[in-house]
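Shown next: target-v4.pdb, given as PDB, C-alpha atoms.
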```pdb
ATOM      1  CA  MET A   1      10.399   6.110 -19.411  1.00  0.00           C
ATOM      2  CA  ARG A   2       9.322   4.257 -16.336  1.00  0.00           C
ATOM      3  CA  ARG A   3       6.469   4.791 -13.999  1.00  0.00           C
ATOM      4  CA  TYR A   4       7.401   5.739 -10.436  1.00  0.00           C
ATOM      5  CA  GLU A   5       5.798   6.771  -7.207  1.00  0.00           C
ATOM      6  CA  THR A   6       7.869   8.915  -4.929  1.00  0.00           C
ATOM      7  CA  ILE A   7       6.846   9.843  -1.405  1.00  0.00           C
ATOM      8  CA  PHE A   8       8.758  12.225   0.791  1.00  0.00           C
ATOM      9  CA  ILE A   9       8.198  13.450   4.318  1.00  0.00           C
ATOM     10  CA  ALA A  10       8.934  17.072   5.084  1.00  0.00           C
ATOM     11  CA  SER A  11       9.990  18.222   8.517  1.00  0.00           C
ATOM     12  CA  PRO A  12       7.148  19.260  10.869  1.00  0.00           C
ATOM     13  CA  VAL A  13       8.932  22.478  11.860  1.00  0.00           C
ATOM     14  CA  LEU A  14       7.973  23.970   8.470  1.00  0.00           C
ATOM     15  CA  THR A  15       4.819  25.996   7.944  1.00  0.00           C
ATOM     16  CA  ASP A  16       2.218  25.023   5.340  1.00  0.00           C
ATOM     17  CA  GLU A  17       3.527  27.702   2.965  1.00  0.00           C
ATOM     18  CA  GLN A  18       7.093  26.466   3.301  1.00  0.00           C
ATOM     19  CA  VAL A  19       5.954  22.934   2.501  1.00  0.00           C
ATOM     20  CA  ASP A  20       4.121  24.223  -0.585  1.00  0.00           C
ATOM     21  CA  ASP A  21       7.308  25.978  -1.668  1.00  0.00           C
ATOM     22  CA  LEU A  22       9.284  22.797  -1.136  1.00  0.00           C
ATOM     23  CA  VAL A  23       6.813  20.771  -3.205  1.00  0.00           C
ATOM     24  CA  ARG A  24       6.917  23.369  -5.993  1.00  0.00           C
ATOM     25  CA  ASN A  25      10.693  23.250  -5.867  1.00  0.00           C
ATOM     26  CA  PHE A  26      10.730  19.478  -6.429  1.00  0.00           C
ATOM     27  CA  GLU A  27       8.030  19.718  -9.100  1.00  0.00           C
ATOM     28  CA  GLY A  28      10.305  22.203 -10.845  1.00  0.00           C
ATOM     29  CA  ILE A  29      13.203  19.760 -10.694  1.00  0.00           C
ATOM     30  CA  ILE A  30      11.078  16.991 -12.191  1.00  0.00           C
ATOM     31  CA  ALA A  31       9.925  19.235 -15.047  1.00  0.00           C
ATOM     32  CA  GLU A  32      13.430  20.560 -15.636  1.00  0.00           C
ATOM     33  CA  GLN A  33      14.939  17.075 -15.904  1.00  0.00           C
ATOM     34  CA  GLY A  34      12.358  15.963 -18.462  1.00  0.00           C
ATOM     35  CA  GLY A  35      10.086  13.975 -16.186  1.00  0.00           C
ATOM     36  CA  GLU A  36       6.348  13.856 -16.683  1.00  0.00           C
ATOM     37  CA  LEU A  37       4.490  14.545 -13.455  1.00  0.00           C
ATOM     38  CA  LEU A  38       1.134  12.755 -13.419  1.00  0.00           C
ATOM     39  CA  LYS A  39      -0.107  13.600  -9.967  1.00  0.00           C
ATOM     40  CA  THR A  40       0.919  15.428  -6.825  1.00  0.00           C
ATOM     41  CA  ASP A  41      -0.895  14.311  -3.724  1.00  0.00           C
ATOM     42  CA  LYS A  42      -0.425  16.260  -0.506  1.00  0.00           C
ATOM     43  CA  TRP A  43      -1.494  14.166   2.447  1.00  0.00           C
ATOM     44  CA  GLY A  44      -0.770  16.957   4.866  1.00  0.00           C
ATOM     45  CA  ARG A  45       0.534  16.614   8.380  1.00  0.00           C
ATOM     46  CA  LYS A  46       0.501  13.025   9.577  1.00  0.00           C
ATOM     47  CA  LYS A  47       1.764  11.188  12.602  1.00  0.00           C
ATOM     48  CA  LEU A  48       4.747   8.945  11.920  1.00  0.00           C
ATOM     49  CA  ALA A  49       4.695   5.310  13.001  1.00  0.00           C
ATOM     50  CA  TYR A  50       8.093   5.800  14.642  1.00  0.00           C
ATOM     51  CA  GLU A  51      10.416   8.695  15.328  1.00  0.00           C
ATOM     52  CA  VAL A  52      12.496   9.943  12.428  1.00  0.00           C
ATOM     53  CA  GLN A  53      15.316  12.298  13.344  1.00  0.00           C
ATOM     54  CA  LYS A  54      13.506  12.843  16.653  1.00  0.00           C
ATOM     55  CA  PHE A  55      10.348  14.008  14.870  1.00  0.00           C
ATOM     56  CA  SER A  56       7.065  12.205  15.405  1.00  0.00           C
ATOM     57  CA  GLU A  57       5.099  14.075  12.740  1.00  0.00           C
ATOM     58  CA  GLY A  58       5.673  15.077   9.155  1.00  0.00           C
ATOM     59  CA  TYR A  59       4.145  16.407   5.944  1.00  0.00           C
ATOM     60  CA  TYR A  60       3.638  13.601   3.424  1.00  0.00           C
ATOM     61  CA  THR A  61       3.714  14.343  -0.283  1.00  0.00           C
ATOM     62  CA  LEU A  62       3.251  11.793  -3.058  1.00  0.00           C
ATOM     63  CA  PHE A  63       4.427  12.271  -6.642  1.00  0.00           C
ATOM     64  CA  GLU A  64       3.323   9.980  -9.441  1.00  0.00           C
ATOM     65  CA  LEU A  65       5.580  10.429 -12.407  1.00  0.00           C
ATOM     66  CA  ASN A  66       6.971   9.026 -15.621  1.00  0.00           C
ATOM     67  CA  ALA A  67      10.705   9.368 -15.583  1.00  0.00           C
ATOM     68  CA  GLY A  68      14.003   7.801 -16.453  1.00  0.00           C
ATOM     69  CA  PRO A  69      16.239   6.236 -13.801  1.00  0.00           C
ATOM     70  CA  SER A  70      18.644   9.182 -13.860  1.00  0.00           C
ATOM     71  CA  LEU A  71      15.885  11.588 -12.825  1.00  0.00           C
ATOM     72  CA  ILE A  72      15.026   9.441  -9.819  1.00  0.00           C
ATOM     73  CA  ALA A  73      18.695   9.311  -8.849  1.00  0.00           C
ATOM     74  CA  GLU A  74      18.903  13.093  -9.105  1.00  0.00           C
ATOM     75  CA  LEU A  75      15.661  13.604  -7.183  1.00  0.00           C
ATOM     76  CA  GLU A  76      16.825  11.292  -4.393  1.00  0.00           C
ATOM     77  CA  ARG A  77      20.177  13.066  -4.249  1.00  0.00           C
ATOM     78  CA  ARG A  78      18.332  16.357  -3.708  1.00  0.00           C
ATOM     79  CA  PHE A  79      16.092  14.794  -1.062  1.00  0.00           C
ATOM     80  CA  ARG A  80      19.172  13.548   0.754  1.00  0.00           C
ATOM     81  CA  ASN A  81      20.859  16.941   0.661  1.00  0.00           C
ATOM     82  CA  HIS A  82      17.772  18.838   1.720  1.00  0.00           C
ATOM     83  CA  ASP A  83      17.559  19.381   5.471  1.00  0.00           C
ATOM     84  CA  SER A  84      13.765  19.727   5.454  1.00  0.00           C
ATOM     85  CA  VAL A  85      13.212  16.267   3.948  1.00  0.00           C
ATOM     86  CA  ILE A  86      13.372  13.702   6.700  1.00  0.00           C
ATOM     87  CA  LYS A  87      12.465  10.576   4.729  1.00  0.00           C
ATOM     88  CA  PHE A  88      11.680   9.541   1.165  1.00  0.00           C
ATOM     89  CA  LEU A  89      10.792   6.438  -0.835  1.00  0.00           C
ATOM     90  CA  SER A  90      10.694   5.798  -4.569  1.00  0.00           C
ATOM     91  CA  VAL A  91       8.861   2.785  -5.946  1.00  0.00           C
ATOM     92  CA  ARG A  92       8.839   1.640  -9.536  1.00  0.00           C
ATOM     93  CA  MET A  93       5.280   0.935 -10.597  1.00  0.00           C
ATOM     94  CA  ASP A  94       5.369  -0.152 -14.254  1.00  0.00           C
ATOM     95  CA  GLU A  95       6.522  -3.722 -13.581  1.00  0.00           C
ATOM     96  CA  GLN A  96       3.920  -3.993 -10.877  1.00  0.00           C
ATOM     97  CA  ALA A  97       1.272  -2.901 -13.358  1.00  0.00           C
ATOM     98  CA  LYS A  98       2.404  -5.657 -15.721  1.00  0.00           C
ATOM     99  CA  ALA A  99       2.143  -8.229 -12.956  1.00  0.00           C
ATOM    100  CA  ALA A 100      -1.310  -6.894 -12.117  1.00  0.00           C
ATOM    101  CA  ASP A 101      -2.399  -7.403 -15.724  1.00  0.00           C
ATOM    102  CA  ARG A 102      -1.177 -10.980 -15.661  1.00  0.00           C
ATOM    103  CA  GLN A 103      -3.093 -11.598 -12.480  1.00  0.00           C
ATOM    104  CA  LYS A 104      -6.227 -10.096 -13.964  1.00  0.00           C
ATOM    105  CA  VAL A 105      -5.989 -12.569 -16.839  1.00  0.00           C
ATOM    106  CA  ARG A 106      -5.665 -15.380 -14.321  1.00  0.00           C
ATOM    107  CA  TYR A 107      -8.762 -14.210 -12.461  1.00  0.00           C
ATOM    108  CA  GLU A 108     -10.734 -14.059 -15.711  1.00  0.00           C
ATOM    109  CA  ARG A 109      -9.642 -17.531 -16.733  1.00  0.00           C
ATOM    110  CA  GLU A 110     -10.593 -18.839 -13.321  1.00  0.00           C
ATOM    111  CA  SER A 111     -14.065 -17.307 -13.369  1.00  0.00           C
ATOM    112  CA  LYS A 112     -14.642 -18.606 -16.907  1.00  0.00           C
ATOM    113  CA  ARG A 113     -13.665 -22.079 -15.795  1.00  0.00           C
ATOM    114  CA  LYS A 114     -15.978 -21.828 -12.828  1.00  0.00           C
ATOM    115  CA  ALA A 115     -18.831 -20.627 -15.033  1.00  0.00           C
ATOM    116  CA  GLN A 116     -18.395 -23.619 -17.321  1.00  0.00           C
ATOM    117  CA  ALA A 117     -18.283 -26.022 -14.418  1.00  0.00           C
ATOM    118  CA  GLY A 118     -21.421 -24.391 -13.045  1.00  0.00           C
ATOM    119  CA  ILE A 119     -19.857 -23.175  -9.821  1.00  0.00           C
ATOM    120  CA  LYS A 120     -21.243 -19.904  -8.702  1.00  0.00           C
ATOM    121  CA  ASP A 121     -18.854 -17.210  -7.604  1.00  0.00           C
ATOM    122  CA  ARG A 122     -19.551 -16.209  -4.054  1.00  0.00           C
ATOM    123  CA  SER A 123     -19.841 -12.517  -3.456  1.00  0.00           C
ATOM    124  CA  PRO A 124     -17.306 -10.907  -1.106  1.00  0.00           C
ATOM    125  CA  GLU A 125     -20.037 -10.170   1.448  1.00  0.00           C
ATOM    126  CA  GLU A 126     -21.068 -13.804   1.539  1.00  0.00           C
ATOM    127  CA  VAL A 127     -17.563 -15.123   2.097  1.00  0.00           C
ATOM    128  CA  MET A 128     -16.530 -12.583   4.709  1.00  0.00           C
ATOM    129  CA  GLY A 129     -19.925 -12.609   6.454  1.00  0.00           C
TER     130      GLY A 129
ATOM    131  CA  MET B   1     -19.667 -26.714   2.666  1.00  0.00           C
ATOM    132  CA  LYS B   2     -22.239 -24.095   2.065  1.00  0.00           C
ATOM    133  CA  ARG B   3     -23.050 -21.585   4.710  1.00  0.00           C
ATOM    134  CA  LYS B   4     -26.499 -20.210   5.225  1.00  0.00           C
ATOM    135  CA  ALA B   5     -26.849 -16.902   3.459  1.00  0.00           C
ATOM    136  CA  ASP B   6     -29.276 -15.431   5.946  1.00  0.00           C
ATOM    137  CA  ALA B   7     -28.194 -16.603   9.364  1.00  0.00           C
ATOM    138  CA  LYS B   8     -30.785 -15.745  11.976  1.00  0.00           C
ATOM    139  CA  GLY B   9     -30.183 -14.982  15.617  1.00  0.00           C
ATOM    140  CA  LYS B  10     -27.601 -12.651  16.993  1.00  0.00           C
ATOM    141  CA  PRO B  11     -25.658 -10.593  14.517  1.00  0.00           C
ATOM    142  CA  LYS B  12     -22.253 -12.043  13.734  1.00  0.00           C
ATOM    143  CA  LYS B  13     -19.488 -10.126  15.350  1.00  0.00           C
ATOM    144  CA  LYS B  14     -16.600  -9.240  13.116  1.00  0.00           C
ATOM    145  CA  LYS B  15     -13.743 -11.105  14.665  1.00  0.00           C
ATOM    146  CA  ALA B  16     -10.080 -11.004  13.793  1.00  0.00           C
ATOM    147  CA  PHE B  17      -8.714 -14.015  11.956  1.00  0.00           C
ATOM    148  CA  GLY B  18      -7.782 -15.599  15.251  1.00  0.00           C
ATOM    149  CA  GLY B  19     -11.435 -16.579  15.738  1.00  0.00           C
ATOM    150  CA  ARG B  20     -12.510 -20.048  14.684  1.00  0.00           C
ATOM    151  CA  ARG B  21     -14.037 -19.940  11.247  1.00  0.00           C
ATOM    152  CA  SER B  22     -13.155 -20.974   7.762  1.00  0.00           C
ATOM    153  CA  LYS B  23     -10.179 -19.137   6.346  1.00  0.00           C
ATOM    154  CA  PHE B  24     -10.096 -17.365   3.055  1.00  0.00           C
ATOM    155  CA  CYS B  25      -7.721 -15.095   1.241  1.00  0.00           C
ATOM    156  CA  LYS B  26      -9.124 -11.583   1.556  1.00  0.00           C
ATOM    157  CA  PHE B  27      -7.246 -10.421  -1.519  1.00  0.00           C
ATOM    158  CA  CYS B  28      -8.467 -13.282  -3.705  1.00  0.00           C
ATOM    159  CA  VAL B  29     -12.057 -12.590  -2.717  1.00  0.00           C
ATOM    160  CA  GLU B  30     -11.632  -8.957  -3.686  1.00  0.00           C
ATOM    161  CA  LYS B  31      -9.748 -10.036  -6.823  1.00  0.00           C
ATOM    162  CA  SER B  32      -7.043  -7.636  -5.888  1.00  0.00           C
ATOM    163  CA  THR B  33      -4.150  -7.468  -8.316  1.00  0.00           C
ATOM    164  CA  PHE B  34      -1.894  -5.294  -6.227  1.00  0.00           C
ATOM    165  CA  VAL B  35      -1.500  -4.767  -2.502  1.00  0.00           C
ATOM    166  CA  ASP B  36      -0.967  -1.052  -2.024  1.00  0.00           C
ATOM    167  CA  TYR B  37       1.701  -0.015   0.475  1.00  0.00           C
ATOM    168  CA  LYS B  38      -0.123   3.286   1.035  1.00  0.00           C
ATOM    169  CA  ASP B  39      -3.284   1.571   2.235  1.00  0.00           C
ATOM    170  CA  VAL B  40      -2.499   1.583   5.955  1.00  0.00           C
ATOM    171  CA  LYS B  41      -5.962   0.421   6.936  1.00  0.00           C
ATOM    172  CA  THR B  42      -5.676  -2.854   5.044  1.00  0.00           C
ATOM    173  CA  LEU B  43      -2.060  -3.454   5.974  1.00  0.00           C
ATOM    174  CA  SER B  44      -2.528  -2.830   9.679  1.00  0.00           C
ATOM    175  CA  ALA B  45      -5.147  -5.587   9.715  1.00  0.00           C
ATOM    176  CA  PHE B  46      -2.263  -7.973   8.981  1.00  0.00           C
ATOM    177  CA  THR B  47       0.167  -6.499  11.502  1.00  0.00           C
ATOM    178  CA  PRO B  48      -1.236  -7.161  14.970  1.00  0.00           C
ATOM    179  CA  GLU B  49      -0.077  -5.483  18.184  1.00  0.00           C
ATOM    180  CA  ARG B  50       3.691  -5.932  18.024  1.00  0.00           C
ATOM    181  CA  GLY B  51       3.746  -4.857  14.403  1.00  0.00           C
ATOM    182  CA  LYS B  52       4.887  -8.218  13.087  1.00  0.00           C
ATOM    183  CA  VAL B  53       3.456  -9.691   9.903  1.00  0.00           C
ATOM    184  CA  LEU B  54       0.558 -12.034  10.541  1.00  0.00           C
ATOM    185  CA  PRO B  55       1.511 -15.544   9.374  1.00  0.00           C
ATOM    186  CA  ARG B  56      -0.384 -17.192   6.576  1.00  0.00           C
ATOM    187  CA  ARG B  57      -1.490 -20.046   8.764  1.00  0.00           C
ATOM    188  CA  THR B  58      -3.458 -17.543  10.848  1.00  0.00           C
ATOM    189  CA  SER B  59      -4.733 -15.140   8.219  1.00  0.00           C
ATOM    190  CA  GLY B  60      -5.439 -17.638   5.450  1.00  0.00           C
ATOM    191  CA  VAL B  61      -3.952 -15.382   2.797  1.00  0.00           C
ATOM    192  CA  CYS B  62      -2.798 -17.324  -0.275  1.00  0.00           C
ATOM    193  CA  ALA B  63       0.915 -17.560  -1.052  1.00  0.00           C
ATOM    194  CA  PRO B  64       1.057 -15.134  -4.013  1.00  0.00           C
ATOM    195  CA  HIS B  65      -0.900 -12.504  -2.101  1.00  0.00           C
ATOM    196  CA  GLN B  66       1.142 -13.006   1.066  1.00  0.00           C
ATOM    197  CA  ARG B  67       4.283 -12.231  -0.938  1.00  0.00           C
ATOM    198  CA  GLN B  68       2.709  -9.022  -2.219  1.00  0.00           C
ATOM    199  CA  LEU B  69       1.478  -8.186   1.256  1.00  0.00           C
ATOM    200  CA  VAL B  70       4.901  -8.603   2.849  1.00  0.00           C
ATOM    201  CA  GLU B  71       6.456  -6.378   0.192  1.00  0.00           C
ATOM    202  CA  ALA B  72       3.780  -3.745   0.825  1.00  0.00           C
ATOM    203  CA  ILE B  73       4.242  -3.880   4.605  1.00  0.00           C
ATOM    204  CA  LYS B  74       7.991  -3.455   4.253  1.00  0.00           C
ATOM    205  CA  ARG B  75       7.519  -0.433   2.027  1.00  0.00           C
ATOM    206  CA  ALA B  76       5.006   1.073   4.423  1.00  0.00           C
ATOM    207  CA  ARG B  77       7.505   0.606   7.254  1.00  0.00           C
ATOM    208  CA  ASN B  78      10.216   2.314   5.286  1.00  0.00           C
ATOM    209  CA  ILE B  79       8.159   5.464   4.890  1.00  0.00           C
ATOM    210  CA  ALA B  80       6.955   5.440   8.524  1.00  0.00           C
ATOM    211  CA  LEU B  81       3.362   4.497   7.783  1.00  0.00           C
ATOM    212  CA  LEU B  82       3.725   1.310   9.821  1.00  0.00           C
ATOM    213  CA  PRO B  83       6.000   0.615  12.791  1.00  0.00           C
ATOM    214  CA  PHE B  84       8.888  -1.831  12.633  1.00  0.00           C
ATOM    215  CA  ALA B  85       8.126  -2.924  16.169  1.00  0.00           C
ATOM    216  CA  THR B  86       5.978  -1.733  19.050  1.00  0.00           C
ATOM    217  CA  ASP B  87       6.133  -2.728  22.675  1.00  0.00           C
TER     218      ASP B  87
END
```
Go through the file and emit its structure as structure tokens.
Amino acid sequence: MRRYETIFIASPVLTDEQVDDLVRNFEGIIAEQGGELLKTDKWGRKKLAYEVQKFSEGYYTLFELNAGPSLIAELERRFRNHDSVIKFLSVRMDEQAKAADRQKVRYERESKRKAQAGIKDRSPEEVMG
Amino acid sequence: MKRKADAKGKPKKKKAFGGRRSKFCKFCVEKSTFVDYKDVKTLSAFTPERGKVLPRRTSGVCAPHQRQLVEAIKRARNIALLPFATD
């Protein structure tokens, strides 16, 4: 199982109820295919940074899920075939989390070294002033 | 060089990184371990007017964080949170 974040943008011609139905539909697919949905975040209607299929607005929805690669492939296939989904993006997060852990260790080592050398850590407010 | 903690006089205006002052990596100061592509507010600070990525020599962001930042900006563009280009 891998950790993913999937965002999709639903067409602005839909009503709020239709978007809810759409989200439930995709949640159903995730559950059915053995994925573990951690969070569903509806951002609501947002302006797009550029036109997508001639639309300048869209309903953003974010899924955080644990899933295998085949589920993501299936989910993306459904997004592609669904007329109401105008854009989507899946990002794998577990490797990023590992990298974040490594970086955290580096930060700790650095602050320990600084403490030993007697250098005081400047607070963010002080540096950015 | 140490800067005075309590500078008197007129309040410092928050200037973009183009202003003359010592550079620092914003992400290192915040000890950030991951630049989030969903955080439009942070990302747009590094994509001025035309929507291009602000170079390191201007922003002062360290190399590892710049790599993360670029990745995040590209993802944000893909999902229409940030523009590819604006005129």
Worksheet entry | Distance-based interface of chain B with chain A, 8 Å, counting all atoms listed in the file, as a PyMOL selection string | chain B and resi 5+12+24+29-31+33-34+77-84
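Counting from CA of Lys74 (chain B), the distance to CA of Tyr37 (chain B) is 8.1 Å.
Those residues that approach Cys28 (chain B) to within 8 Å, counting only C-alpha atoms, are Ser32, Cys62 and His65 of chain B; same-chain residues fewer than 4 positions away are not listed.
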Discussion item. For the PyMOL selection byres ((chain A and resi 11-26) around 8), applied here, can you spell out every residue it catches as a ChimeraX atom specification?
Written reply: /A:9-10,27-30,45,55,57-59,61,75,84-86
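With CA of Val53 (chain B) on one side and CA of Leu69 (chain B) on the other, the separation reads 9.0 Å.
The spacing separating CA of Val70 (chain B) from CA of Asp87 (chain B) amounts to 20.7 Å.
Each of A:Asp41, A:Asp83, A:Asp94, A:Glu76 was compared to Leu62 (chain A) using all atoms listed in the file, and A:Asp41 turns out to be the nearest.
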